[in-house]
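A.B. asks: If you scroll down you'll find the structure; I have some questions about it.
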Amino acid sequence: MWHEGGDPQRVGQGMGTAMISAVIERTWAEHPAAPCVLVPVVAANRASWRALERAGLRP
C-alpha cells in the first residue's frame with residue numbers, strides 16, 4: 001500500500017534526500033552560473049522541508 005510519502009517500507013531511509021542531492025548536484029553542474037535553485041514546498045509539509053535541509057538546502 002502506498003501513501004503520499006511513498007512506500008511505507010522505504011520511508012525514512014534517506015532515499016528522498018539522496019534524490020534531492022543528486023538533482024541539485026546535476027543542476028549546478030549543468031547550470032554553473034545559476035545564482036540559486038528554487039524548490040517550491042508546501043509550508044506544512046515538514047517531511048519535505050527536513051529532506052531538503054538534509055540535502056543542504058536552506059529556506
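In the C-alpha cells, the first chain shown is A, the next is B, and so on; residue numbers restart at 1 for each chain, and ligands run from 1 in the order shown.
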Determine, counting only C-alpha atoms, which protein, DNA and RNA residues have an atom within 12 Å of an atom of A:Trp49; residues of the same chain fewer than 3 positions away are not included. Present the result as a PyMOL selection string.

C.D. replies: chain A and resi 16-17+20+39-46+52-59

A.B. asks: Go ahead and write the residues just picked, N, CA and C atoms, as a tab-separated table (two decimals), in the first residue's frame.

C.D. replies:
chain	number	residue	atom	x	y	z
A	16	GLY	N	14.81	9.97	-0.38
A	16	GLY	CA	14.38	11.27	-0.87
A	16	GLY	C	15.50	12.29	-0.79
A	17	THR	N	16.21	12.30	0.31
A	17	THR	CA	17.34	13.22	0.48
A	17	THR	C	18.42	12.93	-0.56
A	20	ILE	N	17.21	14.25	-3.92
A	20	ILE	CA	17.29	15.71	-3.95
A	20	ILE	C	18.75	16.14	-4.14
A	39	VAL	N	13.09	25.70	-4.91
A	39	VAL	CA	12.30	24.48	-4.76
A	39	VAL	C	11.00	24.84	-4.05
A	40	PRO	N	9.88	24.76	-4.75
A	40	PRO	CA	8.60	25.06	-4.09
A	40	PRO	C	8.20	23.91	-3.16
A	41	VAL	N	7.84	24.27	-1.94
A	41	VAL	CA	7.44	23.28	-0.94
A	41	VAL	C	6.22	23.81	-0.19
A	42	VAL	N	5.25	22.95	0.03
A	42	VAL	CA	4.10	23.33	0.83
A	42	VAL	C	4.58	23.59	2.25
A	43	ALA	N	4.25	24.73	2.80
A	43	ALA	CA	4.76	25.13	4.12
A	43	ALA	C	4.48	24.09	5.21
A	44	ALA	N	3.37	23.41	5.15
A	44	ALA	CA	3.00	22.44	6.18
A	44	ALA	C	3.67	21.08	5.99
A	45	ASN	N	4.38	20.88	4.90
A	45	ASN	CA	4.99	19.57	4.62
A	45	ASN	C	6.36	19.49	5.27
A	46	ARG	N	6.37	19.17	6.56
A	46	ARG	CA	7.61	19.14	7.33
A	46	ARG	C	8.59	18.09	6.83
A	52	LEU	N	14.92	18.42	2.35
A	52	LEU	CA	15.66	19.49	1.68
A	52	LEU	C	16.79	20.02	2.56
A	53	GLU	N	16.53	20.17	3.84
A	53	GLU	CA	17.56	20.64	4.76
A	53	GLU	C	18.70	19.62	4.87
A	54	ARG	N	18.36	18.32	4.94
A	54	ARG	CA	19.39	17.28	5.00
A	54	ARG	C	20.23	17.25	3.72
A	55	ALA	N	19.62	17.66	2.61
A	55	ALA	CA	20.34	17.71	1.34
A	55	ALA	C	21.21	18.98	1.23
A	56	GLY	N	21.15	19.83	2.25
A	56	GLY	CA	22.00	21.01	2.28
A	56	GLY	C	21.33	22.31	1.85
A	57	LEU	N	20.04	22.26	1.59
A	57	LEU	CA	19.32	23.47	1.19
A	57	LEU	C	18.83	24.23	2.42
A	58	ARG	N	18.66	25.55	2.24
A	58	ARG	CA	18.17	26.39	3.33
A	58	ARG	C	16.97	27.19	2.85
A	59	PRO	N	16.05	27.50	3.77
A	59	PRO	CA	14.88	28.32	3.37
A	59	PRO	C	15.30	29.74	3.02

A.B. asks: Run DSSP on the backbone and grab whatever in chain A lands in alpha helix (DSSP H); send it over as a list in words.

C.D. replies: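 Here is the list: Met15, Gly16, Thr17, Ala18, Met19, Ile20, Ser21, Ala22, Val23, Ile24, Glu25, Arg26, Thr27, Trp28, Ala29, Glu30, Arg46, Ala47, Ser48, Trp49, Arg50, Ala51, Leu52, Glu53 and Arg54 of chain A.
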
A.B. asks: Now that the selection is made, can you save its residues with N, CA and C atoms as an mmCIF file, in the first residue's frame?

C.D. replies:
data_model
loop_
_atom_site.group_PDB
_atom_site.id
_atom_site.type_symbol
_atom_site.label_atom_id
_atom_site.label_comp_id
_atom_site.auth_asym_id
_atom_site.auth_seq_id
_atom_site.Cartn_x
_atom_site.Cartn_y
_atom_site.Cartn_z
ATOM 1 N N MET A 15 16.245 8.006 1.058
ATOM 2 C CA MET A 15 16.182 7.957 -0.403
ATOM 3 C C MET A 15 15.770 9.301 -0.999
ATOM 4 N N GLY A 16 14.814 9.966 -0.377
ATOM 5 C CA GLY A 16 14.380 11.274 -0.865
ATOM 6 C C GLY A 16 15.501 12.286 -0.795
ATOM 7 N N THR A 17 16.213 12.301 0.313
ATOM 8 C CA THR A 17 17.340 13.220 0.479
ATOM 9 C C THR A 17 18.415 12.930 -0.560
ATOM 10 N N ALA A 18 18.691 11.662 -0.814
ATOM 11 C CA ALA A 18 19.696 11.287 -1.812
ATOM 12 C C ALA A 18 19.276 11.742 -3.206
ATOM 13 N N MET A 19 17.988 11.584 -3.517
ATOM 14 C CA MET A 19 17.500 12.018 -4.830
ATOM 15 C C MET A 19 17.591 13.531 -4.966
ATOM 16 N N ILE A 20 17.211 14.247 -3.922
ATOM 17 C CA ILE A 20 17.292 15.709 -3.946
ATOM 18 C C ILE A 20 18.747 16.141 -4.145
ATOM 19 N N SER A 21 19.651 15.538 -3.405
ATOM 20 C CA SER A 21 21.072 15.874 -3.527
ATOM 21 C C SER A 21 21.580 15.639 -4.940
ATOM 22 N N ALA A 22 21.172 14.518 -5.545
ATOM 23 C CA ALA A 22 21.612 14.201 -6.905
ATOM 24 C C ALA A 22 21.084 15.219 -7.915
ATOM 25 N N VAL A 23 19.823 15.607 -7.766
ATOM 26 C CA VAL A 23 19.240 16.587 -8.687
ATOM 27 C C VAL A 23 19.926 17.937 -8.531
ATOM 28 N N ILE A 24 20.173 18.341 -7.297
ATOM 29 C CA ILE A 24 20.841 19.632 -7.058
ATOM 30 C C ILE A 24 22.254 19.602 -7.618
ATOM 31 N N GLU A 25 22.987 18.514 -7.395
ATOM 32 C CA GLU A 25 24.347 18.395 -7.902
ATOM 33 C C GLU A 25 24.356 18.480 -9.436
ATOM 34 N N ARG A 26 23.444 17.780 -10.075
ATOM 35 C CA ARG A 26 23.374 17.825 -11.545
ATOM 36 C C ARG A 26 22.976 19.221 -12.026
ATOM 37 N N THR A 27 22.048 19.857 -11.315
ATOM 38 C CA THR A 27 21.620 21.209 -11.686
ATOM 39 C C THR A 27 22.803 22.168 -11.666
ATOM 40 N N TRP A 28 23.609 22.114 -10.599
ATOM 41 C CA TRP A 28 24.775 23.005 -10.523
ATOM 42 C C TRP A 28 25.776 22.673 -11.624
ATOM 43 N N ALA A 29 25.941 21.390 -11.942
ATOM 44 C CA ALA A 29 26.888 21.002 -12.991
ATOM 45 C C ALA A 29 26.440 21.507 -14.365
ATOM 46 N N GLU A 30 25.138 21.432 -14.619
ATOM 47 C CA GLU A 30 24.610 21.841 -15.920
ATOM 48 C C GLU A 30 24.380 23.347 -16.038
ATOM 49 N N ARG A 46 6.366 19.174 6.560
ATOM 50 C CA ARG A 46 7.611 19.141 7.333
ATOM 51 C C ARG A 46 8.594 18.089 6.829
ATOM 52 N N ALA A 47 8.084 16.947 6.363
ATOM 53 C CA ALA A 47 8.980 15.895 5.868
ATOM 54 C C ALA A 47 9.780 16.388 4.663
ATOM 55 N N SER A 48 9.129 17.117 3.775
ATOM 56 C CA SER A 48 9.839 17.660 2.610
ATOM 57 C C SER A 48 10.862 18.697 3.038
ATOM 58 N N TRP A 49 10.489 19.552 3.963
ATOM 59 C CA TRP A 49 11.442 20.551 4.466
ATOM 60 C C TRP A 49 12.666 19.870 5.066
ATOM 61 N N ARG A 50 12.454 18.830 5.869
ATOM 62 C CA ARG A 50 13.578 18.127 6.505
ATOM 63 C C ARG A 50 14.477 17.481 5.452
ATOM 64 N N ALA A 51 13.877 16.860 4.438
ATOM 65 C CA ALA A 51 14.674 16.230 3.377
ATOM 66 C C ALA A 51 15.514 17.277 2.647
ATOM 67 N N LEU A 52 14.925 18.419 2.352
ATOM 68 C CA LEU A 52 15.660 19.493 1.682
ATOM 69 C C LEU A 52 16.793 20.015 2.561
ATOM 70 N N GLU A 53 16.532 20.169 3.836
ATOM 71 C CA GLU A 53 17.563 20.636 4.763
ATOM 72 C C GLU A 53 18.702 19.618 4.872
ATOM 73 N N ARG A 54 18.360 18.319 4.939
ATOM 74 C CA ARG A 54 19.392 17.284 5.000
ATOM 75 C C ARG A 54 20.228 17.250 3.723
#
